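Before any comments, here is the structure.
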There are 2 protein chains.
Amino acid sequence: LRKDNTGYDLKDIFIGAEGTLGVITAAVLKLFPKPKSYQTALIGIESPKKAIELLSLAREMTGNRVVAFELIPRIGIEFTVKHLEARDPLGSAHPFYVLVEMADVPESQLTAFFNRAMADDLVQDAALAMSEAQRQELWDIREKLSESQKFEGGSIKHDVSVPVKRIPNLYERATAAVEKAMPGARVFAFGHMGDGNIHFNVSQPAGMNPDAFLSQSAHINAAVYDVVIGLGGSISAEHGIGVLKRDMLRAVKTPLELEMMRGLKKLFDPNGILNPGKLLP
Amino acid sequence: LRKDNTGYDLKDIFIGAEGTLGVITAAVLKLFPKPKSYQTALIGIESPKKAIELLSLAREMTGNRVVAFELIPRIGIEFTVKHLEARDPLGSAHPFYVLVEMADVPESQLTAFFNRAMADDLVQDAALAMSEAQRQELWDIREKLSESQKFEGGSIKHDVSVPVKRIPNLYERATAAVEKAMPGARVFAFGHMGDGNIHFNVSQPAGMNPDAFLSQSAHINAAVYDVVIGLGGSISAEHGIGVLKRDMLRAVKTPLELEMMRGLKKLFDPNGILNPGKLLP
């Protein structure tokens with residue numbers, strides 16, 4: 001049912017509860033028609049701030065047909081080219097990149113969008129996929145980002161989100177905080193910009209011992225999460241709380257929120273048998 | 001935040017709770033770019049079943065750019081033309097009508113959609129708005145439906161939803177049930193077909209005393225809601241439960257669901273001071 005206003009939505013309480021309130025035994029999926037064509041481009045861009053302007057423009061000029069908008073830092077292109085045989089599709093280096101994909105946008109609209117983006121100084125350079133193979137090649141860069149980090153030693157990962165308009169603040173402040181916490185640490189922050197969801201990963205300083213780096217995780221985490229919390233963001237956009245982030249909930253929820261969450265747990269699982277030890281501190 | 005996976009979503013519990021769990025003091029709205037153009041048509045159609053096929057086709061051929069899809073029975077056109085100076089935009093009568101609106105669909109796609117719909121025998125006749133004034137004229141018919149019923153005496157209203165594919169069953173079975181419950185009663189069922197949400201209204205038999213008709217509300221309600229429940233639908237798609245439908249919850253929720261809802265109420269409102277007497281039976 002797409003519309004049902006008959007009391008408290010018990011279903012919504014189970015979603016995201018990580019199995020601590022009940023077991024989902026069936027689900028109905030809403031399907032969308034498959035697009036007939038994709039328009040995919042890798043765009044060199046000056047900054048996250050310009051990327052936000054570009055996202056707004058793309059949404060406005062294509063009637064909201066943007067289906068992916070992935071922000072990638074220069075270091076992401078460097079690592080994938082160096083370690084994973086990716087090809088840099090643009091002639092020169094840019095501080096940031098956006099992998100944008102739209103669906104079923106007519107060529108005239110697409111041309112108008114790029115012309116306007118160039119005129120507004122949002123785009124430094126762009127490679128537009130002219131075939132499915134070229135589209136895959138562009139996505140390949142994005143999909144190899146995580147793997148490429150492994151060749152550069154230890155990585156400390158943060159799956160965070162902030163309101164979309166605060167993404168430039170996140171990059172600026174969290175990068176400064178990380179570099180202060182550990183000089184030489186390399187911020188490798190990329191992700192789903194349209195969702196405000198950035199994988200704010202940090203690669204170790206070049207040449208450092210990986211174990212020594214990873215032993216500083218708590219220190220680096222605190223630097224990043226403090227900025228995220230200060231920006232009204234979430235310390236777990238996609239991945240959930242589980243055991244690893246359980247004790248951090250005290251820092252991001254009010255005592256009243258935690259009390260209500262514990263009350264919910266007791267209501268749905270009075271015997272404490274559902275995924276015990278997870279989620280709730 | 002578009003993504004936030006940090007425990008139970010307390011916000012979602014408040015949505016639709018009709019003020020019985022707490023008071024919402026602030027809200028953030030997600031905005032979408034305003035479409036640059038609308039494509040709006042009133043289409044004469046044979047049956048709700050054909051309307052579902054037309055909806056699927058429209059979604060598929062326009063890349064999901066259908067923004068409204070309103071099903072209207074012939075009686076709706078008759079009442080609005082007779083009582084509210086609406087103009088019937090089609091030359092002859094049709095059993096049902098669909099008011100379809102799309103956003104930013106290029107003319108070539110629109111033409112292809114109508115050609116295919118005609119070839120598939122889904123469309124009997126259609127009037128496409130060629131100006132904003134014509135668009136308003138088509139919407140005017142839809143928006144006057146409720147008002148037009150007032151000129152025909154009493155109306156008993158039901159705001160129900162079913163899975164979209166079961167809308168033909170709803171029309172067929174609930175119409176039969178109403179006509180059996182009260183011969184001469186005139187089913188006046190219209191609404192947001194794309195959401196599976198039909199305002200299954202019933203106008204009194206012509207010439208009957210309105211009070212005599214309305215005194216049979218419980219009887220007519222039972223006829224409609226039995227069908228809706230049998231189809232896995234909702235007895236309140238948009239309007240909520242409040243006091244009027246409070247005692248019906250026992251028929252549509254399991255005892256366990258009601259127990260959990262009462263537990264939620266007690267957890268969030270231990271003193272029972274929030275909108276007392278509403279929603280929960």
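Chain labels run A, B, ... following the order of the structure tokens; each chain numbers its residues from 1, and ligands are numbered from 1 in the order shown.
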
Quiz prompt | Shell of 9 Å around Ala237 in chain A, only C-alpha atoms, local chain residues under 6 positions omitted, as an NGL selection string | solution = (:A and (159-162 or 196-198)) or (:B and (1-6))

Practice problem: Please provide as a count of residues only all residues within 8 Å of Phe96 in chain A, with the sequence filter that same-chain residues fewer than 3 positions apart are discarded (counting only C-alpha atoms). | Solution: 9

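With only C-alpha atoms as the atoms that count, the minimum distance from chain B to the choices A:His192, A:His219, A:Arg135, A:Arg173 is reached by A:His192.
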
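Non-sequential neighbours of Asn64 in chain A (distance at most 9 Å, separation of 4 or more positions within a chain, only C-alpha atoms) are A:Ala58, A:Arg59, A:Glu60, A:Met102, B:Phe32, B:Pro33, B:Pro35.
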
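Taking CA of Ala206 in chain B and CA of Tyr171 in chain B as endpoints, the distance between them is 20.9 Å.
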
Self-check item: Non-local contacts of Ala93 in chain A (12 Å; only C-alpha atoms; under 2 positions in same chain excluded) as a list in words
Solution: Ile43, Gly44, Ile45, Glu46, Pro73, Arg74, Ile75, Gly76, Ile77, Glu78, Asp88, Pro89, Leu90, Gly91, Pro95, Phe96, Tyr97, Gln124, Asp125 and Ala126 of chain A

Practice problem: Name the residues in contact with range 249-263 of chain A at a cut-off of 12 Å, using only C-alpha atoms, excluding same-chain residues fewer than 6 positions from it; report them as a ChimeraX atom specification. | Solution: /A:13,17,20-21,222,225-226,228-236,240-243,269-270,272,278-281 /B:4-11,13,21,260,263-270

Quiz item: Nearest to Val67 in chain A among A:Ser203, A:Ser37, A:Ser215, A:Thr80, with distances taken over only C-alpha atoms: which residue is it?
Solution: A:Ser37

Quiz item: Hey, can you check how far CA of Glu238 in chain B sits from CA of Phe213 in chain B?
Solution: 24.8 Å

Exercise. Give the strand (DSSP E) residues of range 43-217 of chain A, as DSSP finds them on the backbone, and put them as a ChimeraX atom specification.
Key: /A:43-45,66-73,96-103,125-128,155-156,159-161,186-192,197-203

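For the choices B:Val224, B:Ala103, B:Ile52, B:Leu29, the atom-to-atom distance to chain A is smallest for B:Ala103 when using only C-alpha atoms.
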